[in-house]
Amino acid sequence: MNRWLVLTEGKSVGLFDPLDLVRPPFMLRDGAWTVAERWIELLQPTVVVAAVRPWLAAAVAEATAWHLNRVPAGDTPDDVWILNGLVNPAEDPRWNNLSLPPLFTWSEGETQVMRLPSTAFAGVLPGLRPWIESGAQSAIPVSPVPPTASLPLQAPSGPWHLVNGLNKRLLFDWQLWNRSALRRVSAEHDPEAEGRLGIVVLGEESVWRGRDVLLHPHVVIDARSGPVWLDDGVEIESFARIDGPAYIGAGTSLLGGKLTGGGVLGPGCKIGGEWEAAIAQGFANKAHAGFFGHGILGEWVNLGAMTTNSDLKNTYGTVRVERQGIGVETGLMKVGSYLADHTKTGIGTLIPTGAAWGVGVNLFGGGLGPKSIPSFIWGDPGALTEHHLDRMLTTADVAVSRRAGMLERIGRPAKLTEPQSQVLRTVFERTARMRADFLSRRSSGHSTRG
């Protein structure tokens, strides 16, 4: 079957701030896959079309083989799925053979999903084409198909929902992983030899190992509460404990410590200390002691030794998160922090409950940081200023180059590419007003702590 998957950002941009400043929401990792990768695994499309903010297009094109902001010509799909915003499939037996209606529409909040057979798609294509080519920053501009009740879909409206639903999503991913037409075969290993090294694996049937996985002596993997993936090239050092469900991405090293409560580490991370119910998009460095829980790290985040975040208020009340300068009530008791790409902390940094820090923040000097920091801020909590863009880009390039060998092994560029640099430059320009307002408030004595 010639099936198309059309991924669009729609009006969900900003709902996952600050993490969606440098990527479409559907490219956020929230399980064993990013949202887009999960849909591709589920639907096995022959063509993927993505409509994104124009200034993100070159970076997305560099990382994928998708058709960016254009509709392929000369092809007639039999089945078209249009996802407008960040939406995830929920567990339902109908996904096993896609026994869902061939024609439907679904919406929740700012998110829409539409499925169209070839005849219906041909009729709406004239209206869809300019919408896709412009980046699709609005609702789907076609006459709605009658809605279908009880569809197994979910639309998170903030990063806290990605964390709060992490365990269920990992269980969905495990079932999809095992029923996929491209099912992966777990790498062979010697349980007796591992036992002699003090390696303990509980629930072996729910542990998947990729190629070249290295377990050092005295490692504990407990998959009784959920599956554990160890992707290609994962290294688990001695005295580490992993409680499922958990996904450890390709080339990632767990440097002792423990991962509990459900966790996701994207590719190329180095993680030590305590990690609880949290997500790293990839290439994060938390090599030393300290706690990170119920939060999300963007790519290339570096947490200095003893950096710790809070994920629970002393009052046990629900947590508010600041999003684009506006406080948003999460309704949740357990909420950590959200640190966007290329943000770094010095030793002894403390991160408040519900903190949101933007792209390219560099905070040092120890102590409690502000709850909200816009992109490209530099300094210690008592003396913050704008992070010079060229210096930040130089630091980012050094950070990427330091992982050159690992990046080459997993097929990623071993340097900061021009499209990636241009995205950071654009974010710097687009966040200038927010940064100026933040620094003005602090200079006048209005703190943004706590």
# chains A, B, ... in the order shown; residues from 1 in each chain; ligands from 1
>>> select_by_dssp(residues="range 146-275 of chain A", states="alpha helix (DSSP H)", output="list in words")
Pro159, Trp160, His161, Leu162, Val163, Asn164, Leu166, Asn167, Lys168, Arg169, Leu170, Leu171, Phe172, Asp173, Trp174, Gln175, Leu176, Trp177, Asn178, Arg179, Pro191, Glu192, Ala193, Glu194, Gly195 and Arg196 of chain A
>>> write_last_selection(atoms="N, CA and C atoms", output="PDB file, in the first residue's frame")
ATOM      1  N   PRO A 159       5.173  19.760  28.254  1.00  0.00           N
ATOM      2  CA  PRO A 159       6.220  18.757  28.480  1.00  0.00           C
ATOM      3  C   PRO A 159       5.956  17.883  29.691  1.00  0.00           C
ATOM      4  N   TRP A 160       5.227  18.409  30.690  1.00  0.00           N
ATOM      5  CA  TRP A 160       4.923  17.612  31.874  1.00  0.00           C
ATOM      6  C   TRP A 160       4.044  16.409  31.524  1.00  0.00           C
ATOM      7  N   HIS A 161       3.219  16.538  30.489  1.00  0.00           N
ATOM      8  CA  HIS A 161       2.414  15.392  30.056  1.00  0.00           C
ATOM      9  C   HIS A 161       3.286  14.319  29.419  1.00  0.00           C
ATOM     10  N   LEU A 162       4.357  14.724  28.737  1.00  0.00           N
ATOM     11  CA  LEU A 162       5.267  13.736  28.155  1.00  0.00           C
ATOM     12  C   LEU A 162       5.924  12.906  29.248  1.00  0.00           C
ATOM     13  N   VAL A 163       6.257  13.556  30.365  1.00  0.00           N
ATOM     14  CA  VAL A 163       6.877  12.846  31.482  1.00  0.00           C
ATOM     15  C   VAL A 163       5.836  12.032  32.244  1.00  0.00           C
ATOM     16  N   ASN A 164       4.680  12.622  32.492  1.00  0.00           N
ATOM     17  CA  ASN A 164       3.657  11.954  33.296  1.00  0.00           C
ATOM     18  C   ASN A 164       3.149  10.672  32.631  1.00  0.00           C
ATOM     19  N   LEU A 166       4.988   8.743  30.654  1.00  0.00           N
ATOM     20  CA  LEU A 166       6.157   8.051  30.119  1.00  0.00           C
ATOM     21  C   LEU A 166       6.054   6.534  30.255  1.00  0.00           C
ATOM     22  N   ASN A 167       5.634   6.032  31.408  1.00  0.00           N
ATOM     23  CA  ASN A 167       5.603   4.583  31.608  1.00  0.00           C
ATOM     24  C   ASN A 167       4.619   3.902  30.658  1.00  0.00           C
ATOM     25  N   LYS A 168       3.437   4.469  30.500  1.00  0.00           N
ATOM     26  CA  LYS A 168       2.465   3.878  29.578  1.00  0.00           C
ATOM     27  C   LYS A 168       2.981   3.918  28.147  1.00  0.00           C
ATOM     28  N   ARG A 169       3.670   5.013  27.797  1.00  0.00           N
ATOM     29  CA  ARG A 169       4.186   5.127  26.427  1.00  0.00           C
ATOM     30  C   ARG A 169       5.289   4.100  26.178  1.00  0.00           C
ATOM     31  N   LEU A 170       6.121   3.853  27.167  1.00  0.00           N
ATOM     32  CA  LEU A 170       7.164   2.851  27.011  1.00  0.00           C
ATOM     33  C   LEU A 170       6.566   1.453  26.865  1.00  0.00           C
ATOM     34  N   LEU A 171       5.490   1.175  27.561  1.00  0.00           N
ATOM     35  CA  LEU A 171       4.829  -0.123  27.398  1.00  0.00           C
ATOM     36  C   LEU A 171       4.226  -0.247  26.002  1.00  0.00           C
ATOM     37  N   PHE A 172       3.634   0.843  25.483  1.00  0.00           N
ATOM     38  CA  PHE A 172       3.129   0.828  24.105  1.00  0.00           C
ATOM     39  C   PHE A 172       4.276   0.588  23.135  1.00  0.00           C
ATOM     40  N   ASP A 173       5.393   1.285  23.346  1.00  0.00           N
ATOM     41  CA  ASP A 173       6.540   1.142  22.450  1.00  0.00           C
ATOM     42  C   ASP A 173       7.086  -0.286  22.481  1.00  0.00           C
ATOM     43  N   TRP A 174       7.089  -0.909  23.645  1.00  0.00           N
ATOM     44  CA  TRP A 174       7.587  -2.276  23.753  1.00  0.00           C
ATOM     45  C   TRP A 174       6.716  -3.237  22.934  1.00  0.00           C
ATOM     46  N   GLN A 175       5.404  -3.073  23.033  1.00  0.00           N
ATOM     47  CA  GLN A 175       4.508  -3.939  22.263  1.00  0.00           C
ATOM     48  C   GLN A 175       4.677  -3.689  20.768  1.00  0.00           C
ATOM     49  N   LEU A 176       4.819  -2.425  20.385  1.00  0.00           N
ATOM     50  CA  LEU A 176       5.030  -2.108  18.975  1.00  0.00           C
ATOM     51  C   LEU A 176       6.372  -2.664  18.497  1.00  0.00           C
ATOM     52  N   TRP A 177       7.388  -2.541  19.327  1.00  0.00           N
ATOM     53  CA  TRP A 177       8.728  -3.045  19.010  1.00  0.00           C
ATOM     54  C   TRP A 177       8.679  -4.539  18.690  1.00  0.00           C
ATOM     55  N   ASN A 178       7.878  -5.270  19.468  1.00  0.00           N
ATOM     56  CA  ASN A 178       7.848  -6.719  19.339  1.00  0.00           C
ATOM     57  C   ASN A 178       6.883  -7.236  18.275  1.00  0.00           C
ATOM     58  N   ARG A 179       5.962  -6.399  17.807  1.00  0.00           N
ATOM     59  CA  ARG A 179       5.056  -6.877  16.759  1.00  0.00           C
ATOM     60  C   ARG A 179       5.372  -6.266  15.392  1.00  0.00           C
ATOM     61  N   PRO A 191      24.271 -15.690  29.949  1.00  0.00           N
ATOM     62  CA  PRO A 191      23.801 -15.418  31.314  1.00  0.00           C
ATOM     63  C   PRO A 191      24.706 -16.003  32.390  1.00  0.00           C
ATOM     64  N   GLU A 192      25.295 -17.178  32.144  1.00  0.00           N
ATOM     65  CA  GLU A 192      26.161 -17.772  33.156  1.00  0.00           C
ATOM     66  C   GLU A 192      27.420 -16.939  33.367  1.00  0.00           C
ATOM     67  N   ALA A 193      28.005 -16.486  32.272  1.00  0.00           N
ATOM     68  CA  ALA A 193      29.192 -15.637  32.396  1.00  0.00           C
ATOM     69  C   ALA A 193      28.850 -14.326  33.094  1.00  0.00           C
ATOM     70  N   GLU A 194      27.699 -13.768  32.783  1.00  0.00           N
ATOM     71  CA  GLU A 194      27.281 -12.534  33.452  1.00  0.00           C
ATOM     72  C   GLU A 194      27.089 -12.769  34.941  1.00  0.00           C
ATOM     73  N   GLY A 195      26.502 -13.929  35.285  1.00  0.00           N
ATOM     74  CA  GLY A 195      26.302 -14.243  36.692  1.00  0.00           C
ATOM     75  C   GLY A 195      27.605 -14.306  37.463  1.00  0.00           C
ATOM     76  N   ARG A 196      28.641 -14.856  36.822  1.00  0.00           N
ATOM     77  CA  ARG A 196      29.949 -14.924  37.488  1.00  0.00           C
ATOM     78  C   ARG A 196      30.536 -13.538  37.731  1.00  0.00           C
TER      79      ARG A 196
END
>>> residues_around(residues="Glu299 in chain A", least_positions_apart="2", cutoff="7 Å", atoms="only C-alpha atoms", output="MDAnalysis selection string")
chainID A and resid 281:284 297 301 341:342
>>> write_last_selection(atoms="C-alpha atoms", output="mmCIF file, in the first residue's frame")
data_model
loop_
_atom_site.group_PDB
_atom_site.id
_atom_site.type_symbol
_atom_site.label_atom_id
_atom_site.label_comp_id
_atom_site.auth_asym_id
_atom_site.auth_seq_id
_atom_site.Cartn_x
_atom_site.Cartn_y
_atom_site.Cartn_z
ATOM 1 C CA GLN A 281 16.614 13.935 24.181
ATOM 2 C CA GLY A 282 20.191 12.888 23.432
ATOM 3 C CA PHE A 283 23.887 13.739 23.909
ATOM 4 C CA ALA A 284 23.285 14.977 27.456
ATOM 5 C CA LEU A 297 16.795 17.644 29.004
ATOM 6 C CA VAL A 301 22.819 19.767 27.925
ATOM 7 C CA ASP A 341 19.398 22.384 24.088
ATOM 8 C CA HIS A 342 23.000 23.457 24.807
#
>>> residues_around(residues="Pro102 in chain A", least_positions_apart="3", cutoff="7 Å", atoms="only C-alpha atoms", output="short mmCIF file (atom, residue, chain, number, x, y, z; two decimals) with N, CA and C atoms, in the first residue's frame")
data_model
loop_
_atom_site.label_atom_id
_atom_site.label_comp_id
_atom_site.auth_asym_id
_atom_site.auth_seq_id
_atom_site.Cartn_x
_atom_site.Cartn_y
_atom_site.Cartn_z
N ARG A 115 -7.49 11.07 8.61
CA ARG A 115 -7.12 9.96 7.73
C ARG A 115 -8.00 10.01 6.49
N LEU A 116 -7.37 9.90 5.31
CA LEU A 116 -8.09 10.07 4.05
C LEU A 116 -7.70 8.97 3.07
N PRO A 117 -8.66 8.34 2.43
CA PRO A 117 -8.33 7.46 1.30
C PRO A 117 -7.99 8.30 0.07
#
>>> closest_residue(among="A:Trp81, A:Phe364, A:Phe26, A:Phe16", to="Gln44 in chain A", atoms="only C-alpha atoms")
A:Trp81
>>> residues_around(residues="Thr353 in chain A", least_positions_apart="2", cutoff="8 Å", atoms="only C-alpha atoms", output="ChimeraX atom specification")
/A:309-313,319,335-337,351,355,371,450
>>> decode(residues="range 161-226 of chain A", atoms="C-alpha atoms", output="PDB file, in the first residue's frame")
ATOM      1  CA  HIS A 161       2.414  15.392  30.056  1.00  0.00           C
ATOM      2  CA  LEU A 162       5.267  13.736  28.155  1.00  0.00           C
ATOM      3  CA  VAL A 163       6.877  12.846  31.482  1.00  0.00           C
ATOM      4  CA  ASN A 164       3.657  11.954  33.296  1.00  0.00           C
ATOM      5  CA  GLY A 165       2.676   9.469  30.578  1.00  0.00           C
ATOM      6  CA  LEU A 166       6.157   8.051  30.119  1.00  0.00           C
ATOM      7  CA  ASN A 167       5.603   4.583  31.608  1.00  0.00           C
ATOM      8  CA  LYS A 168       2.465   3.878  29.578  1.00  0.00           C
ATOM      9  CA  ARG A 169       4.186   5.127  26.427  1.00  0.00           C
ATOM     10  CA  LEU A 170       7.164   2.851  27.011  1.00  0.00           C
ATOM     11  CA  LEU A 171       4.829  -0.123  27.398  1.00  0.00           C
ATOM     12  CA  PHE A 172       3.129   0.828  24.105  1.00  0.00           C
ATOM     13  CA  ASP A 173       6.540   1.142  22.450  1.00  0.00           C
ATOM     14  CA  TRP A 174       7.587  -2.276  23.753  1.00  0.00           C
ATOM     15  CA  GLN A 175       4.508  -3.939  22.263  1.00  0.00           C
ATOM     16  CA  LEU A 176       5.030  -2.108  18.975  1.00  0.00           C
ATOM     17  CA  TRP A 177       8.728  -3.045  19.010  1.00  0.00           C
ATOM     18  CA  ASN A 178       7.848  -6.719  19.339  1.00  0.00           C
ATOM     19  CA  ARG A 179       5.056  -6.877  16.759  1.00  0.00           C
ATOM     20  CA  SER A 180       6.722  -4.710  14.108  1.00  0.00           C
ATOM     21  CA  ALA A 181       7.344  -6.174  10.677  1.00  0.00           C
ATOM     22  CA  LEU A 182      10.915  -5.031  11.258  1.00  0.00           C
ATOM     23  CA  ARG A 183      11.161  -6.767  14.613  1.00  0.00           C
ATOM     24  CA  ARG A 184      14.604  -6.503  16.156  1.00  0.00           C
ATOM     25  CA  VAL A 185      16.296  -9.621  17.501  1.00  0.00           C
ATOM     26  CA  SER A 186      17.982  -9.200  20.860  1.00  0.00           C
ATOM     27  CA  ALA A 187      21.734  -9.752  20.729  1.00  0.00           C
ATOM     28  CA  GLU A 188      23.097 -12.998  22.112  1.00  0.00           C
ATOM     29  CA  HIS A 189      24.696 -13.026  25.539  1.00  0.00           C
ATOM     30  CA  ASP A 190      25.914 -15.528  28.117  1.00  0.00           C
ATOM     31  CA  PRO A 191      23.801 -15.418  31.314  1.00  0.00           C
ATOM     32  CA  GLU A 192      26.161 -17.772  33.156  1.00  0.00           C
ATOM     33  CA  ALA A 193      29.192 -15.637  32.396  1.00  0.00           C
ATOM     34  CA  GLU A 194      27.281 -12.534  33.452  1.00  0.00           C
ATOM     35  CA  GLY A 195      26.302 -14.243  36.692  1.00  0.00           C
ATOM     36  CA  ARG A 196      29.949 -14.924  37.488  1.00  0.00           C
ATOM     37  CA  LEU A 197      30.576 -11.168  37.103  1.00  0.00           C
ATOM     38  CA  GLY A 198      27.798 -10.318  39.545  1.00  0.00           C
ATOM     39  CA  ILE A 199      25.479  -9.048  36.797  1.00  0.00           C
ATOM     40  CA  VAL A 200      21.864  -9.567  37.870  1.00  0.00           C
ATOM     41  CA  VAL A 201      19.053  -9.466  35.311  1.00  0.00           C
ATOM     42  CA  LEU A 202      15.489  -9.867  36.628  1.00  0.00           C
ATOM     43  CA  GLY A 203      12.746 -10.382  34.060  1.00  0.00           C
ATOM     44  CA  GLU A 204      15.149 -11.389  31.279  1.00  0.00           C
ATOM     45  CA  GLU A 205      12.267 -11.870  28.808  1.00  0.00           C
ATOM     46  CA  SER A 206      11.574  -8.126  28.981  1.00  0.00           C
ATOM     47  CA  VAL A 207      15.170  -7.012  28.338  1.00  0.00           C
ATOM     48  CA  TRP A 208      16.310  -6.220  24.788  1.00  0.00           C
ATOM     49  CA  ARG A 209      19.979  -5.817  23.912  1.00  0.00           C
ATOM     50  CA  GLY A 210      21.376  -4.299  20.766  1.00  0.00           C
ATOM     51  CA  ARG A 211      24.760  -4.931  19.226  1.00  0.00           C
ATOM     52  CA  ASP A 212      27.970  -4.323  21.191  1.00  0.00           C
ATOM     53  CA  VAL A 213      26.263  -3.765  24.537  1.00  0.00           C
ATOM     54  CA  LEU A 214      28.804  -3.850  27.386  1.00  0.00           C
ATOM     55  CA  LEU A 215      27.780  -4.637  30.969  1.00  0.00           C
ATOM     56  CA  HIS A 216      30.484  -4.220  33.601  1.00  0.00           C
ATOM     57  CA  PRO A 217      30.535  -6.349  36.791  1.00  0.00           C
ATOM     58  CA  HIS A 218      27.921  -5.765  39.488  1.00  0.00           C
ATOM     59  CA  VAL A 219      25.147  -4.267  37.354  1.00  0.00           C
ATOM     60  CA  VAL A 220      21.474  -4.830  38.236  1.00  0.00           C
ATOM     61  CA  ILE A 221      18.733  -4.684  35.595  1.00  0.00           C
ATOM     62  CA  ASP A 222      15.216  -5.207  36.934  1.00  0.00           C
ATOM     63  CA  ALA A 223      12.593  -5.519  34.192  1.00  0.00           C
ATOM     64  CA  ARG A 224       9.862  -6.958  36.399  1.00  0.00           C
ATOM     65  CA  SER A 225       8.055  -3.608  36.478  1.00  0.00           C
ATOM     66  CA  GLY A 226       8.556  -2.839  32.786  1.00  0.00           C
TER      67      GLY A 226
END
